[in-house]
There are 2 protein chains.
Amino acid sequence: MPHDITPPRQETRIQARNRATIREAALQVFSKYGFRGSTLDQIAAEAGLSKPNLLYYFRSKDAIYAELLSSLLETWLDPLKEMRPDGDPVEEIMGYVRRKLRMSQEFPRESRLFANEILQGAPHIGAELSGNLKRLVDEKCTVIRGWARDGKIADIHPHHLIFSIWSLTQHYADFDVQVRAVLGEEDPFDGAEAYLTQVFHQTLKV
Amino acid sequence: MPHDITPPRQETRIQARNRATIREAALQVFSKYGFRGSTLDQIAAEAGLSKPNLLYYFRSKDAIYAELLSSLLETWLDPLKEMRPDGDPVEEIMGYVRRKLRMSQEFPRESRLFANEILQGAPHIGAELSGNLKRLVDEKCTVIRGWARDGKIADIHPHHLIFSIWSLTQHYADFDVQVRAVLGEEDPFDGAEAYLTQVFHQTLKV
DNA sequence: GTCTATAGTCTGATAGAC
DNA sequence: GTCTATCAGACTATAGAC
C-alpha cells in the first residue's frame with residue numbers, strides 16, 4: 001500500500017505570492033523605462049526583494065519581461081474579440097471604444113508597456129503582431145466592411161478605423177503626463193469619453 | 001597698429017559637420033531605445049566615431065539628449081503655431097491635421113523620441129509641457145472655442161480635439177511597426193490621409 | 001582632433017552560507 | 001528560500017599620447 005499520495009504541488013502559496021509581487025514590480029518599472037532602460041535593481045527595490053531572490057523566481061531579466069508581455073497580450077486583445085458580428089454595428093463599435101478607453105484608464109501601465117515594446121521595434125512580439133494580431137484584426141475588418149456594404153455604417157477604411165480606436169484611447173494612458181500638463185486640473189477621462197463618443201458617432205453615421 | 005583681426009570663430013566647418021553627424025546618430029538611437037536604454041557605444045558606432053571623440057563634441061550623454069530634445073521641440077510645435085485665427089475654421093484645423101501627418105511621415109524618429117520621453121514621465125521636458133506647451137495649446141483652444149460659439153464648427157471640446165489630432169497622426173510614426181504588420185503590403189500613409197480627412201470633416205461639421 | 005588605455009561605476013547573473 | 005559576497009562584462013567619462 002502506497003504512502004499518502006502527495007500531489008505534485010507545483011507552487012506554494014508563498015511562491016505564488018512572490019511571483020505576483022515580482023510581476024507587479026516589473027510592470028511598474030518596465031512600463032516606464034522599457035526593457036533595455038530597466039534594471040533588476042530597480043525591480044528588486046520596487047518588489048522589496050533582493051536581486052538574487054528575484055532570480056530565484058525568474059531565470060533572467062528577459063524571462064520576467066517575456067512572461068509579462070505574453071500574459072498581457074491576451075488581456076489587451078479581449079475587448080476586440082468581444083465585438084460581435086450579429087450585434088448592432090454602431091453599438092458594437094462604440095462598445096469597443098468604451099472598453100478600450102476603460103482599459104487605458106484602469107491599466108495605464110500595461111498600455112505603456114506595449115507602447116514601449118512597439119516603439120523599440122517590437123523585438124519580443126513582432127511575430128505575434130503579424131501573426132495572431134493581424135489575423136484577428138483582418139477578421140474583424142471583414143465584419144466591418146460588411147456593415148459598411150449593407151449601409152449600416154459609413155463607408156470607412158476598416159483598418160484605419162481600428163487604428164484610430166487604438167490611437168485615441170491609448171493616448172490617454174501613454175501620454176498621460178502630457179495630457180495632464182496641458183489640461184491642468186480637469187480630469188482627462190471625463191472629457192475623453194464624451195469627445196470620443198461624439199467623434200465616432202459622427203464618423204460612423206451613414 | 002593691431003594684427004589682422006581674427007574673428008572669434010566659434011565653430012569650424014568640420015566641427016559643425018561632426019556635431020551634425022552626432023546629432024543624427026543620437027536621434028537614430030535615442031528615438032528607438034529612449035534615454036536610459038541607449039548607450040554612447042551605440043551612438044558612436046552609428047556616427048562612425050570613437051566614443052571619446054563623441055565626448056569631445058558633447059560634454060556628456062545627457063548633453064546630447066538635451067540638445068536634441070530642445071532643438072526638436074520648436075519644430076514639433078510649429079504646425080500648431082501656423083493655425084490662424086482669421087482663416088476658415090475647418091480649413092485651418094484640417095491644415096493642421098495634414099501638416100502633423102506629414103511630419104509623422106517625414107520625421108518618424110523625432111516623433112518616437114518625444115513619445116519615449118513622455119512615456120518615461122517627461123523627466124527632461126516636464127516643465128516645458130506645463131509651461132510653453134500648455135500656454136500655446138490654451139491660446140489655440142480659445143480660438144477654437146470661439147469658432148464653435150460662432151457656429152463655424154461643431155461644438156466640441158477643444159483640448160480633446162487637439163489631443164485627437166496629436167494621437168491620430170503620431171500613431172503612424174510611433175506604432176509604425178504594428179501598423180505595417182497589420183496592414184501587410186498596403187502603405188499606411190495613403191489610407192491615413194483619406195481616413196483622417198473623413199474623420200475630422202465629420203467631427204467638425206455643424 | 002582623434003586615438004588607446006583605463007578609471008570607476010553599474011548591471012545581470014552565480015556561488016555558497018544559513 | 002533568502003541572504004551576503006562576488007564575478008564578468010558593459011557602461012559613462014577622463015587621461016594622456018600623437
# chains A, B, ... in the order shown; residues from 1 in each chain; ligands from 1
>>> residues_around(residues="DT4 (chain D)", least_positions_apart="3", cutoff="12 Å", atoms="only C-alpha atoms (C1' of nucleotides)", output="PyMOL selection string")
(chain A and resi 50-52) or (chain C and resi 15-18)
>>> select_by_dssp(residues="region 101-189 of chain A", states="alpha helix (DSSP H)", output="JSON, numbers by chain")
{"A": [101, 102, 103, 104, 105, 106, 108, 109, 110, 111, 112, 113, 114, 115, 116, 117, 118, 119, 126, 127, 128, 134, 135, 136, 137, 138, 139, 140, 141, 142, 143, 144, 145, 146, 147, 148, 149, 158, 159, 160, 161, 162, 163, 164, 165, 166, 167, 168, 169, 170, 171, 172, 173, 174, 176, 177, 178, 179, 180, 181, 182, 183, 188, 189]}
>>> interface_residues(of="chain D", to="chain B", cutoff="8 Å", atoms="only C-alpha atoms (C1' of nucleotides)", output="VMD selection string")
chain D and resid 11 to 13
>>> closest_atom_pairs(of="chain A", to="chain B", cutoff="7 Å", atoms="only C-alpha atoms", output="JSON lines")
{"residue": "A:Lys32", "atom": "CA", "partner": "B:Gln120", "partner_atom": "CA", "distance": 4.9}
{"residue": "A:Tyr33", "atom": "CA", "partner": "B:Gln120", "partner_atom": "CA", "distance": 5.9}
{"residue": "A:Arg36", "atom": "CA", "partner": "B:Gly37", "partner_atom": "CA", "distance": 4.7}
{"residue": "A:Gly37", "atom": "CA", "partner": "B:Gly37", "partner_atom": "CA", "distance": 3.9}
{"residue": "A:Arg112", "atom": "CA", "partner": "B:Leu119", "partner_atom": "CA", "distance": 6.8}
{"residue": "A:Ile118", "atom": "CA", "partner": "B:Phe175", "partner_atom": "CA", "distance": 6.0}
{"residue": "A:Leu119", "atom": "CA", "partner": "B:Asp174", "partner_atom": "CA", "distance": 5.8}
{"residue": "A:Gln120", "atom": "CA", "partner": "B:Lys32", "partner_atom": "CA", "distance": 4.9}
{"residue": "A:Gly121", "atom": "CA", "partner": "B:Val177", "partner_atom": "CA", "distance": 6.1}
{"residue": "A:Leu129", "atom": "CA", "partner": "B:Ala181", "partner_atom": "CA", "distance": 6.0}
{"residue": "A:Ser130", "atom": "CA", "partner": "B:Ala181", "partner_atom": "CA", "distance": 4.7}
{"residue": "A:Lys134", "atom": "CA", "partner": "B:Val182", "partner_atom": "CA", "distance": 4.6}
{"residue": "A:His157", "atom": "CA", "partner": "B:Tyr195", "partner_atom": "CA", "distance": 6.7}
{"residue": "A:His160", "atom": "CA", "partner": "B:Ala192", "partner_atom": "CA", "distance": 6.7}
{"residue": "A:Ser164", "atom": "CA", "partner": "B:Leu168", "partner_atom": "CA", "distance": 6.1}
{"residue": "A:Ser167", "atom": "CA", "partner": "B:Ser167", "partner_atom": "CA", "distance": 5.8}
{"residue": "A:Leu168", "atom": "CA", "partner": "B:Ser167", "partner_atom": "CA", "distance": 5.8}
{"residue": "A:His171", "atom": "CA", "partner": "B:Ser167", "partner_atom": "CA", "distance": 5.9}
{"residue": "A:Asp174", "atom": "CA", "partner": "B:Leu119", "partner_atom": "CA", "distance": 5.8}
{"residue": "A:Phe175", "atom": "CA", "partner": "B:Ile118", "partner_atom": "CA", "distance": 6.0}
{"residue": "A:Val177", "atom": "CA", "partner": "B:Gly121", "partner_atom": "CA", "distance": 6.0}
{"residue": "A:Gln178", "atom": "CA", "partner": "B:Leu129", "partner_atom": "CA", "distance": 6.4}
{"residue": "A:Ala181", "atom": "CA", "partner": "B:Ser130", "partner_atom": "CA", "distance": 4.7}
{"residue": "A:Val182", "atom": "CA", "partner": "B:Lys134", "partner_atom": "CA", "distance": 4.6}
{"residue": "A:Ala192", "atom": "CA", "partner": "B:His160", "partner_atom": "CA", "distance": 6.7}
{"residue": "A:Tyr195", "atom": "CA", "partner": "B:His157", "partner_atom": "CA", "distance": 6.7}
{"residue": "A:Val199", "atom": "CA", "partner": "B:Thr203", "partner_atom": "CA", "distance": 5.4}
{"residue": "A:Gln202", "atom": "CA", "partner": "B:Gln202", "partner_atom": "CA", "distance": 5.6}
{"residue": "A:Thr203", "atom": "CA", "partner": "B:Val199", "partner_atom": "CA", "distance": 5.4}
>>> atom_distance(atom1="CA of Phe58 (chain B)", atom2="CA of Ser71 (chain B)")
14.9 Å
>>> atom_distance(atom1="CA of Leu27 (chain B)", atom2="CA of Pro123 (chain B)")
17.6 Å
>>> residues_around(residues="DG9 (chain D)", least_positions_apart="3", cutoff="12 Å", atoms="only C-alpha atoms (C1' of nucleotides)", output="compact mmCIF listing (two decimals) with N, CA and C atoms (P, O5', C5', C4', C3', O3' and C1' of nucleotides), in the first residue's frame")
# COMPACT_ATOMS: atom_id res chain seq x y z
P DC C 10 27.05 53.56 -9.19
O5' DC C 10 26.42 52.59 -10.29
C5' DC C 10 26.17 53.11 -11.58
C4' DC C 10 25.82 51.96 -12.52
C3' DC C 10 24.72 51.04 -12.01
O3' DC C 10 23.79 50.87 -13.07
C1' DC C 10 26.60 49.77 -12.71
P DT C 11 22.36 50.23 -12.83
O5' DT C 11 22.51 48.81 -13.54
C5' DT C 11 22.99 48.75 -14.89
C4' DT C 11 23.22 47.29 -15.27
C3' DT C 11 22.23 46.34 -14.60
O3' DT C 11 21.36 45.79 -15.57
C1' DT C 11 24.48 45.51 -14.46
P DG C 12 20.20 44.79 -15.10
O5' DG C 12 20.80 43.37 -15.43
C5' DG C 12 21.12 43.03 -16.76
C4' DG C 12 21.78 41.66 -16.79
C3' DG C 12 20.90 40.54 -16.25
O3' DG C 12 21.02 39.41 -17.10
C1' DG C 12 22.92 40.66 -15.00
P DA C 13 20.18 38.06 -16.74
O5' DA C 13 21.17 37.23 -15.81
C5' DA C 13 22.43 36.80 -16.36
C4' DA C 13 23.26 36.19 -15.25
C3' DA C 13 22.59 35.05 -14.47
O3' DA C 13 23.27 33.83 -14.80
C1' DA C 13 23.81 36.53 -13.05
>>> interface_residues(of="chain C", to="chain B", cutoff="12 Å", atoms="only C-alpha atoms (C1' of nucleotides)", output="list in words")
DG1, DT2, DC3, DT4 and DA5 of chain C
>>> atom_distance(atom1="CA of Tyr96 (chain B)", atom2="CA of Asp190 (chain B)")
17.5 Å
